[in-house]
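Comments concern the structure below.
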Amino acid sequence: MASCFTRLALLAALAASGASLARADEYRLGVMDKLRVRVAEWQTAEGAVRDWSAVSGDYTVGPSGNLSLPFVGDLPASGKTTSEVAEEIGVKMQKLFGLRDRPSASVEMAQYRPVYLSGEVQTPGEYPYAPNLTVLKAVSLGGGLRRADNGQRFARDYINASGESAVQVAERSRLLIRRARLLAEIGKRDTIPMPEELKNVPEADKLLASETALMESRDKRQKRQLDALADLRSLLQSEIEALAKKAETQARQLELATEDRDKVDSLAEKGLALSQRKLSLEQRVADVQASLLDIDTASLKAKQDASKAAQDETNLRNDWDAQLAQELQNTEAELDTLTLKLGTSRDLMTEALLQSADAAQLEEQAAEITYSIIRDKDGKATEIAADENTPVLPGDVIKVNTALAMR
C-alpha cells in the first residue's frame, strides 16, 4: 500500500510539473537545449503507478532538432514547447507499447542552449544562458567591453600625453614669468617685462600681474627692514655725537680741576694751603676723570652698535641678492627639466597620432557603442537593434560594435 501511495504521489508530481511548465512559458526549444524527462503511467486495472525509468533521464536536442529517447526513438523538438514535447512522448509511448492508459511525461529545462558574444567584447565566445539575461549582463559575462587593444592604447596614450602637456605648458608659463620677475629684482627695475615666449599666450597678463604684486610686496618688506636699520644707525650716530660733546665738556672741566689742584699743591708746599682743600681738589679731578672714562666707554659701545647696524644692512642686501640668485638658479633648473618633460609628452603625442587614426581624430570625435542581436526566427537569422536592457534569449548572438561618431 505504501508503494502504491508513493507512485500516486510521483504521478501527481509529474502532472503538476507538466501543468506548471505549460503555464510558465511558451519558450520554443532549439538545438543544444538540454531537457530532463520523467515518465510514469497510471495503470487503471492494477490501481498502481508504473515508473518508466528506462525512458526518464536528461537529453539534448540534437543538430537535427530531434530529441532521441530509448524505445521511443526520435521526436521533433526544435520549435516546440516543453509541454508539447511531453504530450507527444505520452502519445507515442501509448501507441508504441499498446498501453491502455497514456503515460504522463514531464519535460523541463535542464540547461538552456548558450548565447554567443562577438565584436568589441573583452572575451568573445560561448556563454551559458540564464533566465532574465539582458544584453548588459551578457556583455559582463565576457569581461565587459574590449580594452587595451593597439588603437585604443595609442588613443589613451594620446589623451594622457595631451593632458600632461597642457599642465606642463601652464607650469612653464608660470616659471617664465617668475624668471622675468627675479631678473627685474636683480636688476633693481620697478616693472617686469613680459617674456617674448608669452606675448601671445592667453592668461599671461594675469600671471604677470600676480608676479608684479609679489615683487612689490617683497620690495616693501626689504625697504622696511633697511629703513629700520638706517633709523638705528642714525640714532646711534646722534648718540655718538652727543657723547663727543659731553666728552669735550668733561675734558675742559678736567683741565680746570687739574690746574686748581696744581696751584693748591704749590701753595701747600709753601705752607699756604690747607691739606683739606688739596684733598677736595684731588677728589674732583678723580670724579671728572671717571666721568670722562664712562663717556668714552658709552661712545665706544655706540660706535660698535652703529658698526653692527651697518654690517646688518650689508648682510641684508647680500642675503637678498644671494636669495634672488638662488631662486633664479632653481627656476632655470625647473625650466630645463620641464622643457625635457614637455618634449617627451609631445613626442608621445606624435607617436600616438602616427600609430592610431582614432587618436588623430580625438578632438572632433567620441566613441559610440552599439548593440544588436542575431536571433533565429522560423529558421532564418534576423538581426535586431538592441540596447543594454534588451532581454536575451537562448541561442542569441550579441554583437557589440564601437564606432567614432562626430560630436
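Scheme for the C-alpha cells: letters A, B, ... for chains in order shown; per-chain residue numbers from 1; ligand numbers from 1 in order shown.
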
Identify, with DSSP run on backbone atoms, the residues in stretch 63-145 of chain A assigned to strand (DSSP E or B), and express the list as a ChimeraX atom specification. /A:66-69,73-76,104-111,115-119,121,125-127,134,145

All residues 8 Å or closer to A:Leu117, only C-alpha atoms, same chain fewer than 4 positions away omitted, as a list in words: Val121, Pro124, Gly125, Glu126, Tyr127, Ala138, Val139, Gly142, Val397, Ile398, Lys399 and Val400 of chain A

Keeping only C-alpha atoms, write the selected residues as a short mmCIF file (atom, residue, chain, number, x, y, z; two decimals), in the first residue's frame.
data_model
loop_
_atom_site.label_atom_id
_atom_site.label_comp_id
_atom_site.auth_asym_id
_atom_site.auth_seq_id
_atom_site.Cartn_x
_atom_site.Cartn_y
_atom_site.Cartn_z
CA VAL A 121 33.99 42.31 -26.07
CA PRO A 124 34.09 36.83 -27.07
CA GLY A 125 32.69 33.31 -27.24
CA GLU A 126 30.01 30.97 -25.96
CA TYR A 127 28.37 31.52 -22.56
CA ALA A 138 25.68 39.05 -21.24
CA VAL A 139 28.48 41.53 -22.05
CA GLY A 142 32.51 38.30 -21.44
CA VAL A 397 24.27 36.13 -30.79
CA ILE A 398 25.01 39.53 -29.19
CA LYS A 399 27.12 41.81 -31.36
CA VAL A 400 28.95 44.73 -29.75
#

Do you have, as JSON lines, the list of residues of stretch 86-146 of chain A lying at most 10 Å from stretch 370-382 of chain A, each with its nearest atom pair and that distance in Å to one decimal, counting only C-alpha atoms and ordered by chain then number?
{"residue": "A:Tyr116", "atom": "CA", "partner": "A:Ile374", "partner_atom": "CA", "distance": 9.6}
{"residue": "A:Leu117", "atom": "CA", "partner": "A:Ile373", "partner_atom": "CA", "distance": 9.6}
{"residue": "A:Gly119", "atom": "CA", "partner": "A:Tyr371", "partner_atom": "CA", "distance": 9.5}
{"residue": "A:Glu120", "atom": "CA", "partner": "A:Thr370", "partner_atom": "CA", "distance": 9.8}
{"residue": "A:Val135", "atom": "CA", "partner": "A:Tyr371", "partner_atom": "CA", "distance": 8.0}
{"residue": "A:Leu136", "atom": "CA", "partner": "A:Tyr371", "partner_atom": "CA", "distance": 9.6}

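Atom pair atom CA of A:Ser173 / atom CA of A:Ala209 has a distance of 13.1 Å (rounded to one decimal).
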
A:Gly65 surroundings by only C-alpha atoms, 7 Å radius, close-in-sequence under 3 positions cut, as number ranges by chain: A: 30-31, 61-62, 76-78
